[in-house]
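protein04.txt follows; it contains compact mmCIF, C-alpha atoms and all ligand atoms.
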```
# COMPACT_ATOMS: atom_id res chain seq x y z
CA MET A 851 -40.54 131.50 51.71
CA ILE A 852 -39.89 128.97 54.46
CA LEU A 853 -38.70 131.76 56.78
CA ASN A 854 -41.87 133.74 55.99
CA SER A 855 -44.05 130.82 56.86
CA ILE A 856 -42.18 130.27 60.17
CA LEU A 857 -42.44 133.96 61.05
CA ASN A 858 -46.13 134.11 60.15
CA LYS A 859 -46.82 131.10 62.32
CA GLN A 860 -44.98 132.65 65.23
CA TYR A 861 -46.29 136.20 65.00
CA LEU A 862 -49.80 135.43 63.85
CA ASN A 863 -49.93 132.99 66.72
CA LEU A 864 -51.23 130.14 64.60
CA ASN A 865 -50.09 127.30 66.87
CA LYS A 866 -53.42 126.83 68.55
CA MET A 867 -54.51 123.89 70.66
CA ASN A 868 -57.79 122.22 71.51
CA LEU A 869 -57.64 120.69 74.95
CA THR A 870 -59.72 118.62 77.34
CA LEU A 871 -59.48 119.74 80.98
CA LYS A 872 -60.44 117.52 83.89
CA ILE A 873 -60.78 119.87 86.86
CA TRP A 874 -61.55 119.27 90.52
CA ARG A 875 -64.74 121.14 91.41
CA GLN A 876 -65.74 121.48 95.05
CA LYS A 877 -68.39 123.95 96.21
CA ASP A 878 -66.92 124.49 99.67
CA ALA A 879 -64.89 122.80 102.38
CA SER A 880 -67.78 120.66 103.61
CA THR A 881 -69.16 119.55 100.22
CA LYS A 882 -67.81 116.49 98.41
CA GLY A 883 -65.87 117.38 95.26
CA GLN A 884 -65.56 115.68 91.87
CA MET A 885 -63.63 115.88 88.61
CA VAL A 886 -65.52 117.74 85.86
CA GLU A 887 -64.56 117.69 82.19
CA TYR A 888 -64.36 120.85 80.05
CA LYS A 889 -63.18 121.61 76.51
CA VAL A 890 -61.19 124.68 75.56
CA THR A 891 -60.35 125.56 71.98
CA GLU A 892 -57.94 127.83 70.12
CA ILE A 893 -55.47 128.01 73.02
CA SER A 894 -52.23 129.72 71.99
CA GLU A 895 -48.97 127.99 72.86
CA HIS A 896 -47.72 131.40 74.02
CA MET A 897 -50.32 131.69 76.77
CA SER A 898 -49.47 131.00 80.38
CA PHE A 899 -51.37 128.22 82.13
CA LEU A 900 -53.38 130.77 84.14
CA GLU A 901 -54.29 132.65 80.94
CA MET A 902 -55.66 129.36 79.62
CA MET A 903 -57.68 129.05 82.86
CA ASP A 904 -58.94 132.62 82.27
CA VAL A 905 -60.19 131.56 78.82
CA LEU A 906 -62.05 128.64 80.39
CA ASN A 907 -63.57 130.88 83.06
CA GLU A 908 -64.71 133.44 80.49
CA GLN A 909 -66.35 130.59 78.60
CA LEU A 910 -68.05 129.36 81.81
CA VAL A 911 -69.28 132.84 82.76
CA ASN A 912 -70.64 133.42 79.24
CA SER A 913 -72.60 130.19 79.44
CA GLY A 914 -73.98 131.04 82.89
CA ASP A 915 -71.83 128.51 84.78
CA GLU A 916 -69.72 129.19 87.82
CA PRO A 917 -66.06 129.90 87.02
CA VAL A 918 -63.34 127.67 88.48
CA ALA A 919 -61.89 129.21 91.67
CA PHE A 920 -58.08 129.27 91.69
CA ASP A 921 -55.54 131.32 93.61
CA HIS A 922 -53.25 133.83 91.89
CA ASP A 923 -51.81 137.25 92.51
CA CYS A 924 -48.48 138.40 91.01
CA ARG A 925 -48.52 136.09 87.96
CA GLU A 926 -44.74 136.41 87.81
CA GLY A 927 -43.47 133.69 90.14
CA ILE A 928 -43.12 135.80 93.27
CA CYS A 929 -46.17 135.50 95.53
CA GLY A 930 -46.54 131.70 95.66
CA MET A 931 -50.34 131.84 95.36
CA CYS A 932 -50.91 129.92 92.11
CA SER A 933 -50.71 126.48 93.65
CA MET A 934 -52.30 123.60 91.80
CA TYR A 935 -51.57 120.07 90.71
CA ILE A 936 -51.28 119.72 86.92
CA ASN A 937 -51.15 116.20 85.51
CA GLY A 938 -50.11 114.93 88.95
CA GLU A 939 -47.27 117.42 89.47
CA ALA A 940 -47.22 120.51 91.67
CA HIS A 941 -46.97 123.51 89.27
CA GLY A 942 -47.07 121.14 86.29
CA PRO A 943 -44.54 119.46 84.04
CA ASP A 944 -41.90 122.23 83.71
CA ARG A 945 -39.03 122.56 86.24
CA GLY A 946 -38.23 125.65 88.29
CA VAL A 947 -41.44 127.52 87.46
CA THR A 948 -44.71 128.29 89.20
CA THR A 949 -48.08 127.62 87.57
CA CYS A 950 -48.33 131.27 86.47
CA GLN A 951 -45.00 130.92 84.63
CA LEU A 952 -45.92 127.61 83.01
CA HIS A 953 -46.43 128.04 79.28
CA MET A 954 -48.97 126.21 77.19
CA ARG A 955 -46.18 125.20 74.80
CA MET A 956 -45.47 122.46 77.36
CA PHE A 957 -48.68 120.80 76.08
CA LYS A 958 -49.83 119.70 72.66
CA ASP A 959 -53.00 119.84 70.65
CA GLY A 960 -55.47 117.17 71.77
CA ASP A 961 -54.00 116.74 75.26
CA THR A 962 -56.12 115.97 78.30
CA ILE A 963 -54.91 117.93 81.33
CA THR A 964 -55.86 116.98 84.88
CA ILE A 965 -56.00 119.92 87.32
CA GLU A 966 -56.40 119.41 91.06
CA PRO A 967 -55.84 121.38 94.26
CA PHE A 968 -52.80 120.65 96.44
CA ARG A 969 -53.62 117.67 98.64
CA ALA A 970 -52.51 117.71 102.29
CA ALA A 971 -54.39 117.51 105.59
CA ALA A 972 -52.78 120.80 106.64
CA PHE A 973 -53.99 122.47 103.38
CA PRO A 974 -57.78 121.91 103.43
CA VAL A 975 -59.68 122.73 100.23
CA ILE A 976 -61.67 125.97 100.45
CA LYS A 977 -63.22 125.82 96.99
CA ASP A 978 -62.28 124.12 93.69
CA LEU A 979 -58.48 124.61 93.38
CA VAL A 980 -58.11 127.00 96.32
CA VAL A 981 -56.63 125.55 99.49
CA ASP A 982 -56.14 127.12 102.90
CA ARG A 983 -52.37 127.54 103.44
CA SER A 984 -52.66 129.67 106.59
CA SER A 985 -50.78 126.86 108.41
CA PHE A 986 -47.64 128.26 106.71
CA GLU A 987 -48.44 131.71 108.08
CA ARG A 988 -48.81 130.34 111.61
CA ILE A 989 -45.39 128.64 111.28
CA GLN A 990 -43.90 131.98 110.19
CA GLN A 991 -45.59 133.76 113.09
CA ALA A 992 -44.04 131.21 115.47
CA GLY A 993 -40.49 132.35 114.64
CA GLY A 994 -39.91 133.45 111.05
CA TYR A 995 -38.69 136.92 111.96
CA ILE A 996 -35.88 138.83 113.67
CA SER A 997 -36.26 141.56 116.28
CA VAL A 998 -34.52 144.84 115.45
CA ASN A 999 -33.86 147.75 117.78
CA THR A 1000 -35.61 150.72 116.19
CA SER A 1001 -34.92 153.18 119.02
CA GLY A 1002 -32.54 155.19 116.86
CA ASN A 1003 -29.44 153.15 117.68
CA THR A 1004 -30.00 150.55 114.98
CA GLN A 1005 -26.75 149.04 113.79
CA ASP A 1006 -25.97 149.64 110.12
CA ALA A 1007 -26.40 146.29 108.37
CA ASN A 1008 -23.25 146.96 106.32
CA ALA A 1009 -21.22 147.14 109.55
CA LEU A 1010 -21.72 143.38 110.03
CA PRO A 1011 -19.28 141.42 107.89
CA ILE A 1012 -20.86 138.29 106.36
CA SER A 1013 -18.95 135.84 104.20
CA LYS A 1014 -19.99 135.68 100.55
CA HIS A 1015 -20.76 131.99 100.92
CA ASP A 1016 -23.14 132.54 103.87
CA ALA A 1017 -24.76 135.55 102.23
CA ASP A 1018 -25.39 133.55 99.04
CA GLU A 1019 -26.80 130.56 100.94
CA ALA A 1020 -29.06 132.81 103.04
CA MET A 1021 -30.28 134.55 99.90
CA ASP A 1022 -30.97 131.20 98.20
CA ALA A 1023 -33.02 130.07 101.23
CA ALA A 1024 -34.88 133.39 101.25
CA THR A 1025 -36.15 132.81 97.71
CA CYS A 1026 -38.76 130.37 99.08
CA ILE A 1027 -42.13 131.86 98.14
CA GLY A 1028 -44.22 129.69 100.47
CA CYS A 1029 -46.16 128.10 97.62
CA GLY A 1030 -46.53 124.71 99.31
CA ALA A 1031 -45.43 122.60 96.33
CA CYS A 1032 -42.96 120.81 98.62
CA VAL A 1033 -45.80 119.70 100.88
CA ALA A 1034 -48.04 118.70 97.99
CA SER A 1035 -45.26 116.64 96.36
CA CYS A 1036 -44.26 114.81 99.53
CA LYS A 1037 -45.80 111.42 100.26
CA ASN A 1038 -45.73 112.43 103.96
CA SER A 1039 -47.07 115.97 103.35
CA SER A 1040 -43.94 117.21 105.07
CA ALA A 1041 -43.29 120.96 105.30
CA MET A 1042 -39.63 120.51 106.16
CA LEU A 1043 -38.28 122.12 102.98
CA PHE A 1044 -40.35 125.24 103.62
CA VAL A 1045 -39.48 125.42 107.34
CA GLY A 1046 -35.84 124.52 106.59
CA ALA A 1047 -35.62 127.47 104.18
CA LYS A 1048 -37.25 129.87 106.63
CA VAL A 1049 -34.95 128.76 109.47
CA SER A 1050 -31.84 128.82 107.25
CA GLN A 1051 -32.28 132.34 105.91
CA TYR A 1052 -31.71 133.61 109.48
CA ALA A 1053 -29.45 130.86 110.85
CA LEU A 1054 -26.79 131.84 108.30
CA LEU A 1055 -26.76 135.53 109.24
CA PRO A 1056 -25.50 137.28 112.41
CA GLN A 1057 -28.85 139.11 112.72
CA GLY A 1058 -30.57 135.76 113.17
CA GLN A 1059 -28.41 134.46 116.01
CA VAL A 1060 -30.14 136.20 118.94
CA GLU A 1061 -33.40 134.27 118.61
CA ALA A 1062 -31.96 131.25 116.79
CA ALA A 1063 -32.77 128.60 119.42
CA ASP A 1064 -36.32 129.81 120.09
CA ARG A 1065 -36.97 130.27 116.38
CA VAL A 1066 -36.20 126.72 115.29
CA GLN A 1067 -37.90 125.13 118.30
CA ASN A 1068 -41.08 127.21 117.93
CA MET A 1069 -41.32 126.82 114.15
CA VAL A 1070 -40.81 123.05 114.26
CA ALA A 1071 -43.33 122.72 117.12
CA GLN A 1072 -45.90 124.71 115.10
CA MET A 1073 -45.16 122.61 112.00
CA ASP A 1074 -45.96 119.45 113.98
CA LEU A 1075 -49.05 121.04 115.50
CA GLU A 1076 -50.41 121.88 112.04
CA GLY A 1077 -50.33 118.20 111.07
CA PHE A 1078 -47.49 118.16 108.52
CA GLY A 1079 -45.68 114.82 108.21
CA ASN A 1080 -42.04 114.02 108.76
CA CYS A 1081 -39.23 113.91 106.19
CA THR A 1082 -38.11 110.51 104.92
CA ASN A 1083 -35.50 111.86 102.48
CA THR A 1084 -37.46 111.06 99.32
CA GLY A 1085 -36.40 114.36 97.76
CA ALA A 1086 -39.62 115.00 95.76
CA CYS A 1087 -39.91 118.42 97.43
CA GLU A 1088 -36.57 119.61 96.05
CA ILE A 1089 -37.43 118.41 92.53
CA GLU A 1090 -40.85 120.09 92.45
CA CYS A 1091 -39.83 123.30 94.25
CA PRO A 1092 -40.16 126.18 91.73
CA LYS A 1093 -37.36 128.07 93.47
CA GLY A 1094 -34.82 125.24 93.65
CA ILE A 1095 -34.67 125.23 97.46
CA SER A 1096 -32.06 122.65 98.40
CA LEU A 1097 -32.51 119.69 100.76
CA GLU A 1098 -29.41 121.08 102.52
CA ASN A 1099 -31.83 123.48 104.26
CA ILE A 1100 -33.58 120.54 105.94
CA ALA A 1101 -30.22 119.24 107.20
CA ARG A 1102 -29.38 122.73 108.51
CA MET A 1103 -32.74 122.98 110.29
CA ASN A 1104 -32.13 119.60 111.95
CA ARG A 1105 -28.66 120.76 113.06
CA GLU A 1106 -30.14 124.01 114.42
CA LEU A 1107 -32.79 122.03 116.30
CA MET A 1108 -30.16 119.71 117.79
CA LYS A 1109 -28.04 122.71 118.85
CA ALA A 1110 -31.07 124.41 120.42
CA SER A 1111 -32.06 121.31 122.39
CA LEU A 1112 -28.55 121.04 123.87
CA LYS A 1113 -28.63 124.58 125.27
S1 LIG B 1 -39.57 125.33 99.64
FE1 LIG B 1 -40.04 125.59 97.45
S2 LIG B 1 -41.89 124.36 97.16
FE2 LIG B 1 -41.69 124.68 99.35
S3 LIG B 1 -42.89 126.50 99.81
FE3 LIG B 1 -40.78 127.21 99.43
S4 LIG B 1 -40.74 127.70 97.25
FE4 LIG B 1 -42.58 126.46 97.53
S1 LIG B 2 -49.40 134.08 90.85
FE1 LIG B 2 -47.70 134.71 92.12
S2 LIG B 2 -46.32 133.05 91.95
FE2 LIG B 2 -47.90 132.55 90.56
```
Entire entry expressed as structure tokens:
Amino acid sequence: MILNSILNKQYLNLNKMNLTLKIWRQKDASTKGQMVEYKVTEISEHMSFLEMMDVLNEQLVNSGDEPVAFDHDCREGICGMCSMYINGEAHGPDRGVTTCQLHMRMFKDGDTITIEPFRAAAFPVIKDLVVDRSSFERIQQAGGYISVNTSGNTQDANALPISKHDADEAMDAATCIGCGACVASCKNSSAMLFVGAKVSQYALLPQGQVEAADRVQNMVAQMDLEGFGNCTNTGACEIECPKGISLENIARMNRELMKASLK
């Protein structure tokens, strides 16, 4: 009997929530924004946060109002697009997940949820919750690549021995999805965790050595040019990063920069 009631609740999806949402609305980059309050009802605890936002937008469209603009693409924690501040935390209250992977079971019936765009001078608001993160792309263009000979004499990657430790560390750094949560969580709006990860994924591999000095110097110069702040070792970036990128990558980037400047 008890088991039946538990199963019914789970499968019939009866754990529904009524929520109040306070959302940043901003028409465009040049218009002043403001928080606007909305109610959503019958939200299933099994929904993702973005599915809950879809319910709100359907409601807004049906009532003739403009839906809330927010970024998303893969909805499976890969693309890094779904960047927003939820109750004052980048990607919300859960650890190691992006907004699209955040489940509504993290909230309870009657909650008020505050939803804002990422705040940083280098991430200007485009509309509502959508910010312009092309500054990250320009940093990548400055050095986040390797050059490979494609003339037909390309060396087989497996012919280059790489220690398991270095391969694992490079792979960990490469899991950065460029979401910008590190910047949004940092009191200095520093992009050092992102740039540290992008520098590290090559610095640890033989393929990355040829352009190593130029890479770190150009990427750091572009980071400064874009207006990101400096790192003061607060560590908020590492805590809020959905991919668990370690602060060790910032230390490695600083070492790489020091090495490059001594050449
Ligand atoms: S370091 Fe983490 S928080 Fe920063 S952009 Fe990469 S994945 Fe996002
Ligand atoms: S939508 Fe791609 S990571 Fe969230």
Any idea what's packed within 10 Å of A:Pro974, counting all atoms listed in the file, ignoring anything in its chain fewer than 4 positions away? Could you give it as a list in words?
-> Ala879, Pro967, Phe968, Arg969, Ala970, Val980, Val981, Asp982, Arg983, Ser984 and Ser985 of chain A
May I have the residues within 10 Å of ligand LIG 1 (chain B), computed using only C-alpha atoms and all ligand atoms, as a VMD selection string?
-> chain A and resid 927 to 931 933 940 to 941 946 to 948 986 1023 to 1035 1040 to 1048 1086 to 1097 1099 to 1100
What does the distance between atom CA of A:Leu979 and atom CA of A:Glu901 come to in Å, to one decimal place?
-> 15.4 Å
Looking at A:Leu1054, A:Ile989, A:Leu1112, A:Ile893, which one is nearest to A:Val905, with distances taken over all atoms listed in the file?
-> A:Ile893
What lies within 8 Å of A:Thr891 using all atoms listed in the file, ignoring chain neighbours under 2 positions off, as an mmCIF file with C-alpha atoms, in the coordinates of the input?
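Output (result.cif):
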```cif
data_model
loop_
_atom_site.group_PDB
_atom_site.id
_atom_site.type_symbol
_atom_site.label_atom_id
_atom_site.label_comp_id
_atom_site.auth_asym_id
_atom_site.auth_seq_id
_atom_site.Cartn_x
_atom_site.Cartn_y
_atom_site.Cartn_z
ATOM 1 C CA LYS A 866 -53.420 126.830 68.550
ATOM 2 C CA MET A 867 -54.510 123.890 70.660
ATOM 3 C CA ASN A 868 -57.790 122.220 71.510
ATOM 4 C CA LEU A 869 -57.640 120.690 74.950
ATOM 5 C CA LYS A 889 -63.180 121.610 76.510
ATOM 6 C CA ILE A 893 -55.470 128.010 73.020
#
```
For A:Ala1110, which residue among A:Asp1064, A:Met1073, A:Thr1082, A:Gln1057 is the nearest when counting all atoms listed in the file?
->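 Counting all atoms listed in the file, the residue closest to A:Ala1110 is A:Asp1064.
Omitting A:Lys1113 and its sequence neighbours fewer than 4 positions away, and counting only C-alpha atoms, the residues within 12 Å are A:Ala1062, A:Ala1063, A:Asp1064, A:Gln1067, A:Glu1106, A:Leu1107, A:Met1108, A:Lys1109.
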Please provide the set of residues having any atom within 9 Å of A:Met954, restricted to only C-alpha atoms, with same-chain residues fewer than 6 positions apart removed, written as a PyMOL selection string.
-> chain A and resi 867+893-899+902
Closest of A:Arg1105, A:Lys958, A:Arg925, A:Arg875 to ligand LIG 2 (chain B) - atom-to-atom distances counting all atoms listed in the file | A:Arg925
A:Gln884, A:Thr949, A:Asn912, A:Thr1004 ranked by distance to ligand LIG 2 (chain B), top pick (using all atoms listed in the file) =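 The shortest atom-to-atom distance to ligand LIG 2 (chain B) comes from A:Thr949.
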Go through A:Leu871, A:Met934, A:Leu1010, A:Val998 and flag the residue nearest ligand LIG 2 (chain B), using all atoms listed in the file for the distances.
-> A:Met934
Choose the residue, out of A:Gly960, A:Gly1077, A:Gly1085, A:Gly938, that has the smallest atom-to-atom separation from A:Glu1098; count all atoms listed in the file.
->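 Selected residue with least distance to A:Glu1098: A:Gly1085.
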